[in-house]
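Student: Contents of protein11.csv (CSV, C-alpha atoms) are given next:
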chain,number,residue,atom,x,y,z
E,1294,MET,CA,95.8,112.9,104.8
E,1295,THR,CA,98.1,111.8,102.1
E,1296,VAL,CA,98.5,108.2,101.0
E,1297,THR,CA,100.5,107.2,98.0
E,1298,VAL,CA,100.4,103.8,96.2
E,1299,LYS,CA,103.3,102.8,93.9
E,1300,LYS,CA,104.1,99.8,91.8
E,1301,VAL,CA,107.4,98.4,92.9
E,1302,ASP,CA,109.8,95.6,91.7
E,1303,TYR,CA,110.8,93.0,94.2
E,1304,PHE,CA,113.2,90.2,94.2
E,1305,TYR,CA,113.5,87.2,96.4
E,1306,VAL,CA,116.0,84.5,97.4
E,1307,LYS,CA,115.4,81.3,99.4
E,1308,VAL,CA,117.9,80.4,102.1
E,1309,GLY,CA,118.2,77.7,104.7
E,1310,ASP,CA,115.9,78.4,107.7
E,1311,LYS,CA,118.7,78.5,110.3
E,1312,PRO,CA,120.6,81.2,112.2
E,1313,GLY,CA,122.8,83.5,110.1
E,1314,GLN,CA,121.5,82.6,106.6
E,1315,GLY,CA,119.5,85.8,106.2
E,1316,TYR,CA,122.3,87.8,107.9
E,1317,LYS,CA,124.7,86.7,105.2
E,1318,ILE,CA,122.5,88.3,102.5
E,1319,ILE,CA,121.5,91.5,104.3
E,1320,SER,CA,125.0,92.1,105.5
E,1321,LEU,CA,126.2,91.8,101.9
E,1322,LEU,CA,123.6,94.4,100.9
E,1323,LYS,CA,124.8,96.7,103.7
E,1324,GLU,CA,128.4,96.3,102.6
E,1325,ASN,CA,127.4,97.3,99.0
E,1326,GLU,CA,125.2,100.1,100.2
E,1327,ILE,CA,122.0,98.7,98.7
E,1328,ASP,CA,119.2,100.9,99.8
E,1329,LEU,CA,116.0,99.0,100.4
E,1330,VAL,CA,112.5,100.5,100.4
E,1331,ALA,CA,111.2,97.4,102.1
E,1332,PHE,CA,112.3,94.0,103.2
E,1333,THR,CA,110.3,91.0,104.5
E,1334,ALA,CA,111.3,87.4,105.3
E,1335,PHE,CA,109.1,84.4,106.1
E,1336,PRO,CA,109.2,80.6,106.1
E,1337,SER,CA,108.5,79.2,102.7
E,1338,ALA,CA,109.1,75.5,102.3
E,1339,ARG,CA,110.2,73.0,105.0
E,1340,GLY,CA,113.6,74.1,106.1
E,1341,GLN,CA,113.7,77.2,104.0
E,1342,ALA,CA,113.0,80.9,104.4
E,1343,GLN,CA,112.2,83.4,101.6
E,1344,LEU,CA,113.7,86.9,101.8
E,1345,ASP,CA,112.0,89.6,99.7
E,1346,PHE,CA,113.8,92.8,98.8
E,1347,ILE,CA,112.3,95.9,97.4
E,1348,PRO,CA,115.3,98.1,96.4
E,1349,LYS,CA,115.5,101.7,95.4
E,1350,ASP,CA,117.7,100.7,92.6
E,1351,PRO,CA,116.8,97.3,91.2
E,1352,ALA,CA,119.6,97.1,88.7
E,1353,ARG,CA,122.2,97.7,91.4
E,1354,LEU,CA,120.7,94.9,93.6
E,1355,GLN,CA,120.8,92.5,90.7
E,1356,SER,CA,124.4,93.4,89.9
E,1357,VAL,CA,125.5,92.9,93.6
E,1358,ALA,CA,123.7,89.6,93.8
E,1359,ALA,CA,125.1,88.3,90.5
E,1360,ASN,CA,128.7,89.3,91.6
E,1361,ALA,CA,128.1,87.4,94.9
E,1362,ARG,CA,126.6,84.4,93.0
E,1363,ILE,CA,123.3,84.8,94.7
E,1364,LYS,CA,120.4,83.6,92.6
E,1365,LEU,CA,117.6,86.2,92.9
E,1366,THR,CA,114.2,85.5,91.5
E,1367,GLY,CA,112.5,88.5,89.9
E,1368,PRO,CA,111.8,91.2,89.2
E,1369,LYS,CA,108.2,90.6,90.3
E,1370,LYS,CA,105.6,93.2,91.1
E,1371,ALA,CA,104.0,94.4,94.3
E,1372,PHE,CA,102.4,97.6,95.6
E,1373,LEU,CA,104.0,99.9,98.1
E,1374,VAL,CA,101.8,102.2,100.2
E,1375,GLN,CA,103.1,105.1,102.3
E,1376,GLY,CA,101.3,107.8,104.0
E,1377,GLU,CA,100.0,109.5,107.1
E,1378,ASP,CA,99.0,106.9,109.7
E,1379,ARG,CA,95.3,106.9,110.6
E,1380,VAL,CA,92.8,104.3,111.5
E,1381,GLY,CA,91.4,102.5,108.4
E,1382,ALA,CA,93.9,103.6,105.8
E,1383,ILE,CA,94.7,100.1,104.8
E,1384,ALA,CA,91.1,99.0,105.1
E,1385,GLU,CA,90.1,101.6,102.5
E,1386,LEU,CA,92.6,100.2,100.0
E,1387,HIS,CA,91.3,96.7,100.6
E,1388,LYS,CA,87.7,97.8,100.2
E,1389,LYS,CA,88.5,99.1,96.7
E,1390,LEU,CA,90.2,95.9,95.7
E,1391,THR,CA,87.4,93.7,97.3
E,1392,ASP,CA,84.7,95.7,95.4
E,1393,ALA,CA,86.7,94.9,92.2
E,1394,ARG,CA,86.9,91.2,93.3
E,1395,ILE,CA,90.7,91.4,93.5
E,1396,ASN,CA,92.3,89.3,96.2
E,1397,VAL,CA,95.3,90.5,98.3
E,1398,TYR,CA,97.2,87.3,99.0
E,1399,ALA,CA,99.9,88.8,101.2
E,1400,GLY,CA,100.8,92.0,102.9
E,1401,ASN,CA,103.0,93.6,105.6
E,1402,GLY,CA,102.5,96.9,107.2
E,1403,VAL,CA,104.0,99.0,110.0
E,1404,ALA,CA,103.4,102.4,111.6
E,1405,ASP,CA,106.7,104.2,112.2
E,1406,GLY,CA,105.7,105.8,115.5
E,1407,THR,CA,105.9,109.4,114.0
E,1408,GLY,CA,102.5,109.5,112.4
E,1409,ARG,CA,103.4,107.7,109.1
E,1410,PHE,CA,102.9,104.1,107.9
E,1411,GLY,CA,104.1,101.8,105.2
E,1412,TYR,CA,102.4,98.8,103.7
E,1413,ILE,CA,103.5,96.4,101.0
E,1414,PHE,CA,101.1,94.0,99.4
E,1415,TRP,CA,100.8,91.5,96.6
E,1416,VAL,CA,98.1,90.4,94.3
E,1417,LYS,CA,98.2,87.6,91.7
E,1418,PRO,CA,100.2,88.7,88.6
E,1419,LYS,CA,97.2,88.3,86.3
E,1420,LYS,CA,95.3,90.8,88.5
E,1421,PHE,CA,98.2,93.3,88.9
E,1422,ASP,CA,97.3,95.7,86.1
E,1423,GLU,CA,93.6,95.7,87.1
E,1424,ALA,CA,94.5,96.4,90.7
E,1425,ALA,CA,96.7,99.3,89.6
E,1426,LYS,CA,93.8,100.7,87.7
E,1427,VAL,CA,91.4,100.3,90.6
E,1428,LEU,CA,93.9,102.1,92.9
E,1429,GLY,CA,94.6,104.8,90.4
E,1430,VAL,CA,98.3,103.9,90.0
E,1431,ASP,CA,100.1,104.6,86.8
Please render this file's structure as structure tokens.
Tutor:
Amino acid sequence: MTVTVKKVDYFYVKVGDKPGQGYKIISLLKENEIDLVAFTAFPSARGQAQLDFIPKDPARLQSVAANARIKLTGPKKAFLVQGEDRVGAIAELHKKLTDARINVYAGNGVADGTGRFGYIFWVKPKKFDEAAKVLGVD
């Protein structure tokens, strides 16, 4: 049962937490054929939402955002996990990190319904290299 863990760059933008604000950004990405590996959005500060983008081509995302005068923050680092879906796959990763006393402070995962899953997670920047070593990621 294959599971891969990769380091990825992500970028984020904060928008007003109201209908259509996120759509403006993701529709721009669609129009410019920006291929995302992952995307997540959540409330951040009062009246704001944060949109996180994990693009296949970070430089292209940055270029499109700059041309549209969208202020991206990043690149920042996260881990992307993909593999065959099975009970406990994510727990095994967390155990390795827990045993190394590394905290996962955020994560999002989904099973795709065809036997595979994806999971993106974040650790504090000062623990990123240590987490990569614990997980055997180059």
Student: For segment 1415-1430 of chain E, list every protein, DNA or RNA residue within 6 Å, evaluated using only C-alpha atoms, and leave out those in the same chain fewer than 3 positions away; present the list as a list in words.
Tutor: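 With the cut-off at 6 Å, the set is Ala1371, Val1397, Tyr1398 and Ala1399 of chain E.
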Student: Show which residues sit within 12 Å of Thr1295 of chain E, as a list in words. Count all atoms listed in the file, and ignore same-chain residues fewer than 5 positions away.
Tutor: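 Here the answer would be Val1374, Gln1375, Gly1376, Glu1377, Asp1378, Arg1379, Ala1382, Gly1408, Arg1409 and Phe1410 of chain E.
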Student: Rounded to one decimal place, report the atom CA of Ala1384 of chain E-atom CA of Ala1404 of chain E distance in Å.
Tutor: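 So the answer is 14.3 Å.
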Student: So which residues touch Gly1381 of chain E within 12 Å, counting all atoms listed in the file, skipping near sequence neighbours fewer than 6 positions away, as an mmCIF file with C-alpha atoms, in the coordinates of the input?
Tutor:
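The result, stored in around.cif:
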data_model
loop_
_atom_site.group_PDB
_atom_site.id
_atom_site.type_symbol
_atom_site.label_atom_id
_atom_site.label_comp_id
_atom_site.auth_asym_id
_atom_site.auth_seq_id
_atom_site.Cartn_x
_atom_site.Cartn_y
_atom_site.Cartn_z
ATOM 1 C CA MET E 1294 95.800 112.900 104.800
ATOM 2 C CA VAL E 1296 98.500 108.200 101.000
ATOM 3 C CA HIS E 1387 91.300 96.700 100.600
ATOM 4 C CA LYS E 1388 87.700 97.800 100.200
ATOM 5 C CA PHE E 1410 102.900 104.100 107.900
#
Student: Grab the atom CA of Arg1394 of chain E to atom CA of Phe1372 of chain E distance for me, in Å with one decimal place.
Tutor: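 These two atoms are separated by 16.9 Å.
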Student: Rounded to one decimal in Å, what is the spacing between atom CA of Thr1333 of chain E and atom CA of Leu1365 of chain E?
Tutor: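 So the two atoms, atom CA of Thr1333 of chain E and atom CA of Leu1365 of chain E, lie 14.5 Å apart.
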Student: What are the closest atom pairs, with distances in Å to one decimal, for each residue of segment 1341-1419 of chain E lying within 8 Å of segment 1301-1315 of chain E, using all atoms listed in the file, rows by chain and rising residue number, as a tab-separated table?
Tutor:
residue	atom	partner	partner_atom	distance
E:Gln1341	CA	E:Asp1310	CA	4.5
E:Ala1342	CA	E:Asp1310	CA	5.1
E:Gln1343	CA	E:Lys1307	CA	4.4
E:Leu1344	CA	E:Tyr1305	CA	5.4
E:Asp1345	CA	E:Tyr1305	CA	4.3
E:Phe1346	CA	E:Phe1304	CA	5.3
E:Ile1347	CA	E:Tyr1303	CA	4.6
E:Pro1348	CA	E:Tyr1303	CA	7.1
E:Pro1351	CA	E:Asp1302	CA	7.2
E:Ile1363	CA	E:Val1306	CA	7.8
E:Lys1364	CA	E:Val1306	CA	6.6
E:Leu1365	CA	E:Val1306	CA	5.1
E:Thr1366	CA	E:Tyr1305	CA	5.2
E:Gly1367	CA	E:Phe1304	CA	4.7
E:Pro1368	CA	E:Phe1304	CA	5.3
E:Lys1369	CA	E:Tyr1303	CA	5.3
E:Lys1370	CA	E:Asp1302	CA	4.9
E:Ala1371	CA	E:Val1301	CA	5.4
E:Phe1372	CA	E:Val1301	CA	5.7
E:Leu1373	CA	E:Val1301	CA	6.4
Student: With distances taken over only C-alpha atoms, which residue among E:Ile1413, E:Ile1318, E:Leu1386, E:Val1298 lies nearest Val1357 of chain E?
Tutor: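 Nearest candidate to Val1357 of chain E out of E:Ile1413, E:Ile1318, E:Leu1386, E:Val1298: E:Ile1318.
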Student: Just checking: using all atoms listed in the file, which residue out of E:Ala1352, E:Leu1390, E:Val1330, E:Ile1395 ends up closest to Lys1299 of chain E?
Tutor: E:Val1330
